[in-house]
Amino acid sequence: MHRIAVIGRGLIGSAAARHLAENMDGIACIGPDEPENHQAHTGVFASHYDEGRMTRCGDPTPEWSITAGQAIRRYRDLERRSGIRFYSPVGYLGLGHPGSTHNARCAANGVANGARIERLDAPALRARYPYLSVSAAADGLIESGGAGHISPRRMVEAQTVLAERAGAACIRQAARAVRAASKGVEIKLWDGSSVTAEKALITAGSFTQACGLSPVDLGLIVFGRTVVLVRIEGEIKEVLRDMPTMIVARTGAYILPPIRYSDGHSYLKIGIGHESDPRFTTLGGLQTWFRGNGAKTDRVAFTARSKTLFPVLNQCPAWHTNTCAITQTPTGLPVIDFVDGDRIAVAVGGCGKGAKGADEWGRIAAGVVSGQPWSSEVSREKLSFRT
Ligand SMILES: Cc1cc2nc3c(=O)[nH]c(=O)nc-3n(C[C@H](O)[C@H](O)[C@H](O)COP(=O)(O)OP(=O)(O)OC[C@H]3O[C@@H](n4cnc5c(N)ncnc54)[C@H](O)[C@@H]3O)c2cc1C
């Protein structure tokens with residue numbers, strides 16, 4: 001019997017498994033690798049099948065800033081010890097507008113957590129980023145130091161390498177069911193076999209609810225998201241050479257600079273989440289979404305917005321979409337709590353921004369499931385499913 005089984009080997013689960021394995025024996029990490037062919041895949045998917053996630057300390061909500069700050073400070077150590085590079089500190093630009101408090105709140109929380117912040121008016125923005133078309137009323141927030149982007153795929157790989165090196169058993173398949181048994185927890189696997197553990201931590205992201213893994217209703221809403229990627233080649237690569245990661249406060253658009261993908265090409269990515277995005281409650285619905293190309297209306301709208309903000313993109317001929325899912329919680333923060341006595345805990349609810357601080361959310365979750373004293377500035381009550 002394992003001491004603790006972590007179910008879900010994504011950004012939060014692989015981090016939790018590493019933190020646990022580096023502090024105790026008997027850790028199992030249960031979760032499949034990314035499928036080679038998404039369209040033909042009949043199992044579960046994940047929200048980390050990509051090369052770019054924004055990372056920064058500045059966030060309008062203190063808890064996201066605190067956890068991002070803690071995690072960012074450990075990226076280089078994770079890279080060094082695993083031998084896997086996943087972090088590019090290219091900076092962050094928040095584009096605000098009159099009446100928006102987004103940049104001011106990001107600045108206050110960012111500074112409190114060690115970020116270097118600079119504010120720019122429209123003329124200064126145009127001078128610094130000549131490829132951006134911004135209005136005369138725009139205001140900019142630049143975060144430098146630790147802000148930039150991470151490869152979520154490679155971060156999961158790095159955490160997995162370190163967890164295994166520290167002794168964790170990695171079981172590369174999905175769980176069908178998790179239930180408290182007379183002694184500990186029984187986990188039924190996709191192939192029909194079972195494993196047992198004294199305790200379990202469920203970290204299956206947007207599939208937690210659809211797979212029926214939590215014994216209690218966590219009030220999660222799973223939204224399907226569409227992203228648009230534009231291939232950046234030739235001279236345009238040079239034009240966008242110093243591009244930071246970006247958020248446009250007016251639309252909520254997040255934009256990542258050109259990043260190299262496994263097909264050898266570099267893509268700039270844009271996404272915008274909205275309340276009318278499709279919601280999923282069933283496994284079949286989520287699987288179909290992940291196999292697809294997303295919403296056509298989003299492709300049209302995001303393409304137009306990108307071309308307006310970056311006129312140079314009008315010269316790019318190759319655009320495509322991809323799908324992902326986010327897991328929204330009732331509080332807007334992850335739920336990290338026991339859901340069945342002191343045996344089954346969950347760490348779910350990235351709320352569309354769980355990548356940057358995943359190592360810290362994983363550390364907090366590892367502490368909860370292993371019964372350690374609370375050791376985060378984020379209050380335990382705020383992460384409870386009862387809140
Ligand atoms: C389009 C998009 C853009 C985003 N951009 C950003 C960003 O810029 N910055 C940022 O910080 N965050 C961003 N996020 C959010 C971030 O990716 C998520 O918050 C993060 O991936 C959540 O981590 P997780 O471990 O909860 O879930 P995941 O990373 O999805 O991991 C869940 C894991 O559970 C596994 N699993 C599923 N079902 C089972 C099962 N039954 N048994 C076992 N294992 C299972 C999956 O295989 C997966 O490995 C974005 C999300 C999306 C969709």
# chains A, B, ... in the order shown; residues from 1 in each chain; ligands from 1
>>> closest_atom_pairs(of="chain A", to="ligand 1", cutoff="6 Å", atoms="only C-alpha atoms and all ligand atoms", output="Markdown table")
| residue | atom | partner | partner_atom_place_in_ligand_line | distance |
| --- | --- | --- | --- | --- |
| A:Ile7 | CA | ligand 1 | 43 (C) | 4.9 |
| A:Gly8 | CA | ligand 1 | 34 (O) | 3.4 |
| A:Arg9 | CA | ligand 1 | 49 (O) | 4.2 |
| A:Gly10 | CA | ligand 1 | 31 (O) | 3.1 |
| A:Leu11 | CA | ligand 1 | 25 (O) | 3.9 |
| A:Ile12 | CA | ligand 1 | 25 (O) | 3.7 |
| A:Gly13 | CA | ligand 1 | 25 (O) | 5.3 |
| A:Ile30 | CA | ligand 1 | 43 (C) | 5.6 |
| A:Gly31 | CA | ligand 1 | 44 (N) | 3.8 |
| A:Pro32 | CA | ligand 1 | 47 (O) | 5.2 |
| A:Val44 | CA | ligand 1 | 38 (N) | 5.1 |
| A:Phe45 | CA | ligand 1 | 47 (O) | 5.1 |
| A:Ala46 | CA | ligand 1 | 30 (O) | 3.7 |
| A:Ser47 | CA | ligand 1 | 30 (O) | 3.6 |
| A:His48 | CA | ligand 1 | 29 (O) | 4.5 |
| A:Arg53 | CA | ligand 1 | 8 (O) | 3.6 |
| A:Met54 | CA | ligand 1 | 8 (O) | 3.5 |
| A:Thr55 | CA | ligand 1 | 9 (N) | 5.7 |
| A:Ala174 | CA | ligand 1 | 42 (N) | 3.4 |
| A:Ala175 | CA | ligand 1 | 42 (N) | 3.7 |
| A:Arg176 | CA | ligand 1 | 41 (N) | 5.5 |
| A:Thr203 | CA | ligand 1 | 25 (O) | 5.8 |
| A:Ala204 | CA | ligand 1 | 34 (O) | 3.4 |
| A:Gly205 | CA | ligand 1 | 27 (O) | 3.7 |
| A:Phe207 | CA | ligand 1 | 38 (N) | 4.6 |
| A:Cys211 | CA | ligand 1 | 41 (N) | 5.5 |
| A:Arg225 | CA | ligand 1 | 1 (C) | 5.6 |
| A:Val227 | CA | ligand 1 | 1 (C) | 5.9 |
| A:Cys324 | CA | ligand 1 | 53 (C) | 4.1 |
| A:Ala325 | CA | ligand 1 | 53 (C) | 4.3 |
| A:Ile326 | CA | ligand 1 | 53 (C) | 4.8 |
| A:Val348 | CA | ligand 1 | 26 (O) | 5.0 |
| A:Gly349 | CA | ligand 1 | 26 (O) | 5.8 |
| A:Gly350 | CA | ligand 1 | 19 (O) | 3.3 |
| A:Cys351 | CA | ligand 1 | 19 (O) | 5.7 |
| A:Gly352 | CA | ligand 1 | 15 (C) | 3.8 |
| A:Lys353 | CA | ligand 1 | 12 (N) | 3.2 |
| A:Gly354 | CA | ligand 1 | 19 (O) | 3.2 |
| A:Ala355 | CA | ligand 1 | 11 (O) | 3.5 |
| A:Lys356 | CA | ligand 1 | 11 (O) | 3.9 |
>>> select_by_dssp(residues="segment 231-381 of chain A", states="helix (DSSP H, G or I)", output="VMD selection string")
chain A and resid 234 to 239 283 to 291 296 to 309 311 to 315 358 to 369 381
>>> write_last_selection(atoms="C-alpha atoms", output="mmCIF file, in the first residue's frame")
data_model
loop_
_atom_site.group_PDB
_atom_site.id
_atom_site.type_symbol
_atom_site.label_atom_id
_atom_site.label_comp_id
_atom_site.auth_asym_id
_atom_site.auth_seq_id
_atom_site.Cartn_x
_atom_site.Cartn_y
_atom_site.Cartn_z
ATOM 1 C CA GLY A 234 10.876 35.767 -41.311
ATOM 2 C CA GLU A 235 11.090 39.511 -40.664
ATOM 3 C CA ILE A 236 8.095 39.530 -38.330
ATOM 4 C CA LYS A 237 10.027 37.362 -35.904
ATOM 5 C CA GLU A 238 12.612 40.113 -35.740
ATOM 6 C CA VAL A 239 9.932 42.822 -35.278
ATOM 7 C CA LEU A 283 -16.562 13.093 -19.742
ATOM 8 C CA GLY A 284 -17.879 12.644 -23.288
ATOM 9 C CA GLY A 285 -18.521 16.364 -23.688
ATOM 10 C CA LEU A 286 -15.018 17.295 -22.521
ATOM 11 C CA GLN A 287 -13.373 14.639 -24.694
ATOM 12 C CA THR A 288 -15.189 15.912 -27.787
ATOM 13 C CA TRP A 289 -14.152 19.489 -26.945
ATOM 14 C CA PHE A 290 -10.470 18.568 -26.541
ATOM 15 C CA ARG A 291 -10.489 16.638 -29.830
ATOM 16 C CA LYS A 296 -15.350 29.468 -34.935
ATOM 17 C CA THR A 297 -16.779 32.750 -33.606
ATOM 18 C CA ASP A 298 -13.786 33.041 -31.260
ATOM 19 C CA ARG A 299 -11.373 32.347 -34.106
ATOM 20 C CA VAL A 300 -12.855 35.196 -36.107
ATOM 21 C CA ALA A 301 -13.041 37.618 -33.167
ATOM 22 C CA PHE A 302 -9.574 36.869 -31.708
ATOM 23 C CA THR A 303 -7.937 37.055 -35.130
ATOM 24 C CA ALA A 304 -9.478 40.482 -35.732
ATOM 25 C CA ARG A 305 -8.446 41.755 -32.290
ATOM 26 C CA SER A 306 -4.862 40.565 -32.736
ATOM 27 C CA LYS A 307 -4.578 42.259 -36.116
ATOM 28 C CA THR A 308 -5.878 45.524 -34.661
ATOM 29 C CA LEU A 309 -3.411 45.513 -31.773
ATOM 30 C CA PRO A 311 -0.972 45.497 -37.407
ATOM 31 C CA VAL A 312 2.099 43.513 -38.515
ATOM 32 C CA LEU A 313 0.083 40.297 -38.072
ATOM 33 C CA ASN A 314 -1.923 41.230 -41.172
ATOM 34 C CA GLN A 315 1.078 39.918 -43.108
ATOM 35 C CA ALA A 358 1.322 25.566 -9.607
ATOM 36 C CA ASP A 359 4.473 24.629 -7.743
ATOM 37 C CA GLU A 360 3.250 26.569 -4.705
ATOM 38 C CA TRP A 361 -0.343 25.258 -4.915
ATOM 39 C CA GLY A 362 1.217 21.791 -5.119
ATOM 40 C CA ARG A 363 3.361 22.498 -2.063
ATOM 41 C CA ILE A 364 0.329 23.683 -0.102
ATOM 42 C CA ALA A 365 -1.650 20.586 -1.179
ATOM 43 C CA ALA A 366 1.243 18.296 -0.210
ATOM 44 C CA GLY A 367 1.211 19.875 3.257
ATOM 45 C CA VAL A 368 -2.544 19.421 3.641
ATOM 46 C CA VAL A 369 -2.710 15.759 2.591
ATOM 47 C CA GLU A 381 -10.190 28.892 5.099
#
>>> residues_around(residues="Pro330 of chain A", least_positions_apart="5", cutoff="9 Å", atoms="only C-alpha atoms", output="list of chain:residue names")
A:Leu218, A:Gly219, A:Leu220, A:Ile221, A:Phe385, A:Thr387
>>> write_last_selection(atoms="N, CA and C atoms", output="PDB file, in the first residue's frame")
ATOM      1  N   LEU A 218     -17.906  20.068  -5.530  1.00  0.00           N
ATOM      2  CA  LEU A 218     -17.020  21.202  -5.242  1.00  0.00           C
ATOM      3  C   LEU A 218     -17.519  22.493  -5.890  1.00  0.00           C
ATOM      4  N   GLY A 219     -18.626  22.425  -6.571  1.00  0.00           N
ATOM      5  CA  GLY A 219     -19.191  23.623  -7.204  1.00  0.00           C
ATOM      6  C   GLY A 219     -18.351  24.121  -8.358  1.00  0.00           C
ATOM      7  N   LEU A 220     -17.623  23.215  -9.016  1.00  0.00           N
ATOM      8  CA  LEU A 220     -16.731  23.637 -10.104  1.00  0.00           C
ATOM      9  C   LEU A 220     -17.525  23.903 -11.380  1.00  0.00           C
ATOM     10  N   ILE A 221     -17.080  24.898 -12.129  1.00  0.00           N
ATOM     11  CA  ILE A 221     -17.615  25.093 -13.486  1.00  0.00           C
ATOM     12  C   ILE A 221     -16.447  24.926 -14.452  1.00  0.00           C
ATOM     13  N   PHE A 385     -13.370  23.838   0.623  1.00  0.00           N
ATOM     14  CA  PHE A 385     -14.555  23.669  -0.241  1.00  0.00           C
ATOM     15  C   PHE A 385     -15.824  24.117   0.481  1.00  0.00           C
ATOM     16  N   THR A 387     -16.020  27.035   1.959  1.00  0.00           N
ATOM     17  CA  THR A 387     -16.056  28.510   1.933  1.00  0.00           C
ATOM     18  C   THR A 387     -17.081  28.996   0.914  1.00  0.00           C
TER      19      THR A 387
END
>>> atom_distance(atom1="atom CA of Glu164 of chain A", atom2="atom CA of Arg81 of chain A")
12.5 Å
>>> residues_around(residues="segment 143-157 of chain A", least_positions_apart="3", cutoff="6 Å", atoms="only C-alpha atoms", output="list in words")
Leu11, His48, Tyr49, Glu51, Gly52, Arg53, Met54, Thr55, Arg56, Phe86, Tyr87, Ser88, Pro89, Val90, Gly91, Tyr92, Arg116, Ile117 and Thr160 of chain A
>>> residues_around(residues="Asp342 of chain A", least_positions_apart="4", cutoff="12 Å", atoms="only C-alpha atoms", output="list of chain:residue names")
A:Ile4, A:Ala180, A:Gly184, A:Val185, A:Glu198, A:Lys199, A:Ala200, A:Leu201, A:Asp337, A:Phe338, A:Val346, A:Val368, A:Val369, A:Ser370, A:Gly371
>>> atom_distance(atom1="atom CA of Gly140 of chain A", atom2="atom CA of Leu93 of chain A")
6.5 Å
>>> residues_around(residues="Arg279 of chain A", least_positions_apart="5", cutoff="8 Å", atoms="only C-alpha atoms", output="number ranges by chain")
A: 221-224
>>> write_last_selection(atoms="C-alpha atoms", output="CSV table (one decimal), in the first residue's frame")
chain,number,residue,atom,x,y,z
A,221,ILE,CA,-17.6,25.1,-13.5
A,222,VAL,CA,-15.6,23.8,-16.4
A,223,PHE,CA,-15.4,26.1,-19.4
A,224,GLY,CA,-14.1,25.2,-22.8
>>> residues_around(residues="Ser262 of chain A", least_positions_apart="2", cutoff="10 Å", atoms="only C-alpha atoms", output="count of residues only")
6
>>> closest_residue(among="A:Arg231, A:Arg119, A:Arg250, A:His38", to="Leu268 of chain A", atoms="only C-alpha atoms")
A:Arg231
>>> closest_residue(among="A:Gly114, A:Glu275, A:Gln209, A:Ala181", to="Thr67 of chain A", atoms="only C-alpha atoms")
A:Gly114
>>> select_by_dssp(residues="segment 177-327 of chain A", states="strand (DSSP E or B)", output="PyMOL selection string")
chain A and resi 177-180+185-189+194-202+221-232+245-248+253-260+266-271+279-280+319-327
>>> atom_distance(atom1="atom CA of Asn103 of chain A", atom2="atom CA of Tyr267 of chain A")
26.3 Å
>>> closest_residue(among="A:Met243, A:Val111, A:Ile344, A:Arg3", to="Gly69 of chain A", atoms="only C-alpha atoms")
A:Val111
>>> closest_residue(among="A:Gln159, A:Thr196, A:Gln372, A:Thr327", to="Ala177 of chain A", atoms="only C-alpha atoms")
A:Thr196
>>> decode(residues="segment 244-280 of chain A", atoms="N, CA and C atoms", output="mmCIF file, in the first residue's frame")
data_model
loop_
_atom_site.group_PDB
_atom_site.id
_atom_site.type_symbol
_atom_site.label_atom_id
_atom_site.label_comp_id
_atom_site.auth_asym_id
_atom_site.auth_seq_id
_atom_site.Cartn_x
_atom_site.Cartn_y
_atom_site.Cartn_z
ATOM 1 N N PRO A 244 6.863 41.091 -24.813
ATOM 2 C CA PRO A 244 6.597 40.447 -23.518
ATOM 3 C C PRO A 244 5.284 39.669 -23.584
ATOM 4 N N THR A 245 4.930 38.978 -22.531
ATOM 5 C CA THR A 245 3.580 38.430 -22.393
ATOM 6 C C THR A 245 2.652 39.606 -22.097
ATOM 7 N N MET A 246 1.371 39.475 -22.454
ATOM 8 C CA MET A 246 0.479 40.646 -22.309
ATOM 9 C C MET A 246 -0.918 40.266 -21.845
ATOM 10 N N ILE A 247 -1.538 41.220 -21.121
ATOM 11 C CA ILE A 247 -2.986 41.133 -20.873
ATOM 12 C C ILE A 247 -3.582 42.486 -21.257
ATOM 13 N N VAL A 248 -4.695 42.456 -21.973
ATOM 14 C CA VAL A 248 -5.402 43.698 -22.317
ATOM 15 C C VAL A 248 -6.601 43.778 -21.375
ATOM 16 N N ALA A 249 -6.563 44.749 -20.467
ATOM 17 C CA ALA A 249 -7.581 44.796 -19.410
ATOM 18 C C ALA A 249 -8.999 44.949 -19.966
ATOM 19 N N ARG A 250 -9.151 45.702 -21.049
ATOM 20 C CA ARG A 250 -10.512 45.977 -21.548
ATOM 21 C C ARG A 250 -11.220 44.694 -21.998
ATOM 22 N N THR A 251 -10.488 43.800 -22.652
ATOM 23 C CA THR A 251 -11.121 42.581 -23.182
ATOM 24 C C THR A 251 -10.790 41.341 -22.364
ATOM 25 N N GLY A 252 -9.770 41.443 -21.515
ATOM 26 C CA GLY A 252 -9.294 40.252 -20.797
ATOM 27 C C GLY A 252 -8.438 39.365 -21.687
ATOM 28 N N ALA A 253 -8.059 39.858 -22.862
ATOM 29 C CA ALA A 253 -7.227 39.038 -23.769
ATOM 30 C C ALA A 253 -5.856 38.803 -23.153
ATOM 31 N N TYR A 254 -5.380 37.566 -23.252
ATOM 32 C CA TYR A 254 -3.996 37.275 -22.854
ATOM 33 C C TYR A 254 -3.247 36.870 -24.121
ATOM 34 N N ILE A 255 -2.030 37.394 -24.243
ATOM 35 C CA ILE A 255 -1.282 37.209 -25.485
ATOM 36 C C ILE A 255 0.135 36.774 -25.142
ATOM 37 N N LEU A 256 0.560 35.693 -25.756
ATOM 38 C CA LEU A 256 1.933 35.230 -25.535
ATOM 39 C C LEU A 256 2.775 35.516 -26.758
ATOM 40 N N PRO A 257 4.027 35.920 -26.552
ATOM 41 C CA PRO A 257 4.912 36.245 -27.683
ATOM 42 C C PRO A 257 5.248 34.981 -28.464
ATOM 43 N N PRO A 258 5.881 35.123 -29.635
ATOM 44 C CA PRO A 258 6.221 33.927 -30.401
ATOM 45 C C PRO A 258 7.029 32.936 -29.567
ATOM 46 N N ILE A 259 6.522 31.689 -29.519
ATOM 47 C CA ILE A 259 7.178 30.599 -28.767
ATOM 48 C C ILE A 259 7.304 29.430 -29.729
ATOM 49 N N ARG A 260 8.428 28.742 -29.653
ATOM 50 C CA ARG A 260 8.668 27.611 -30.543
ATOM 51 C C ARG A 260 7.914 26.373 -30.058
ATOM 52 N N TYR A 261 7.202 25.719 -30.975
ATOM 53 C CA TYR A 261 6.461 24.495 -30.659
ATOM 54 C C TYR A 261 7.188 23.282 -31.254
ATOM 55 N N SER A 262 6.657 22.101 -30.966
ATOM 56 C CA SER A 262 7.373 20.872 -31.361
ATOM 57 C C SER A 262 7.424 20.676 -32.877
ATOM 58 N N ASP A 263 6.578 21.396 -33.657
ATOM 59 C CA ASP A 263 6.660 21.268 -35.115
ATOM 60 C C ASP A 263 7.776 22.142 -35.699
ATOM 61 N N GLY A 264 8.529 22.806 -34.803
ATOM 62 C CA GLY A 264 9.659 23.621 -35.255
ATOM 63 C C GLY A 264 9.284 25.060 -35.575
ATOM 64 N N HIS A 265 7.970 25.386 -35.583
ATOM 65 C CA HIS A 265 7.541 26.751 -35.888
ATOM 66 C C HIS A 265 7.295 27.540 -34.590
ATOM 67 N N SER A 266 7.320 28.882 -34.723
ATOM 68 C CA SER A 266 7.012 29.748 -33.586
ATOM 69 C C SER A 266 5.622 30.331 -33.773
ATOM 70 N N TYR A 267 4.867 30.366 -32.694
ATOM 71 C CA TYR A 267 3.498 30.872 -32.752
ATOM 72 C C TYR A 267 3.275 31.923 -31.677
ATOM 73 N N LEU A 268 2.575 32.999 -32.048
ATOM 74 C CA LEU A 268 2.060 33.968 -31.088
ATOM 75 C C LEU A 268 0.640 33.490 -30.765
ATOM 76 N N LYS A 269 0.276 33.550 -29.483
ATOM 77 C CA LYS A 269 -1.023 32.978 -29.085
ATOM 78 C C LYS A 269 -1.894 34.037 -28.419
ATOM 79 N N ILE A 270 -3.177 34.007 -28.747
ATOM 80 C CA ILE A 270 -4.129 34.914 -28.084
ATOM 81 C C ILE A 270 -5.359 34.123 -27.638
ATOM 82 N N GLY A 271 -5.837 34.451 -26.444
ATOM 83 C CA GLY A 271 -7.068 33.834 -25.948
ATOM 84 C C GLY A 271 -7.846 34.854 -25.129
ATOM 85 N N ILE A 272 -9.150 34.682 -25.095
ATOM 86 C CA ILE A 272 -10.012 35.540 -24.262
ATOM 87 C C ILE A 272 -11.088 34.630 -23.686
ATOM 88 N N GLY A 273 -11.257 34.667 -22.388
ATOM 89 C CA GLY A 273 -12.307 33.841 -21.781
ATOM 90 C C GLY A 273 -13.563 34.661 -21.589
ATOM 91 N N HIS A 274 -14.719 34.049 -21.823
ATOM 92 C CA HIS A 274 -15.955 34.771 -21.493
ATOM 93 C C HIS A 274 -17.003 33.826 -20.918
ATOM 94 N N GLU A 275 -17.954 34.410 -20.222
ATOM 95 C CA GLU A 275 -18.992 33.632 -19.524
ATOM 96 C C GLU A 275 -19.814 32.769 -20.473
ATOM 97 N N SER A 276 -19.887 33.179 -21.750
ATOM 98 C CA SER A 276 -20.694 32.409 -22.692
ATOM 99 C C SER A 276 -19.929 31.231 -23.302
ATOM 100 N N ASP A 277 -18.667 31.019 -22.879
ATOM 101 C CA ASP A 277 -17.928 29.844 -23.361
ATOM 102 C C ASP A 277 -18.686 28.579 -22.975
ATOM 103 N N PRO A 278 -18.534 27.492 -23.759
ATOM 104 C CA PRO A 278 -19.276 26.264 -23.437
ATOM 105 C C PRO A 278 -18.864 25.696 -22.080
ATOM 106 N N ARG A 279 -19.858 25.133 -21.375
ATOM 107 C CA ARG A 279 -19.586 24.538 -20.053
ATOM 108 C C ARG A 279 -19.736 23.029 -20.172
ATOM 109 N N PHE A 280 -18.880 22.286 -19.476
ATOM 110 C CA PHE A 280 -18.905 20.825 -19.593
ATOM 111 C C PHE A 280 -19.064 20.162 -18.235
#
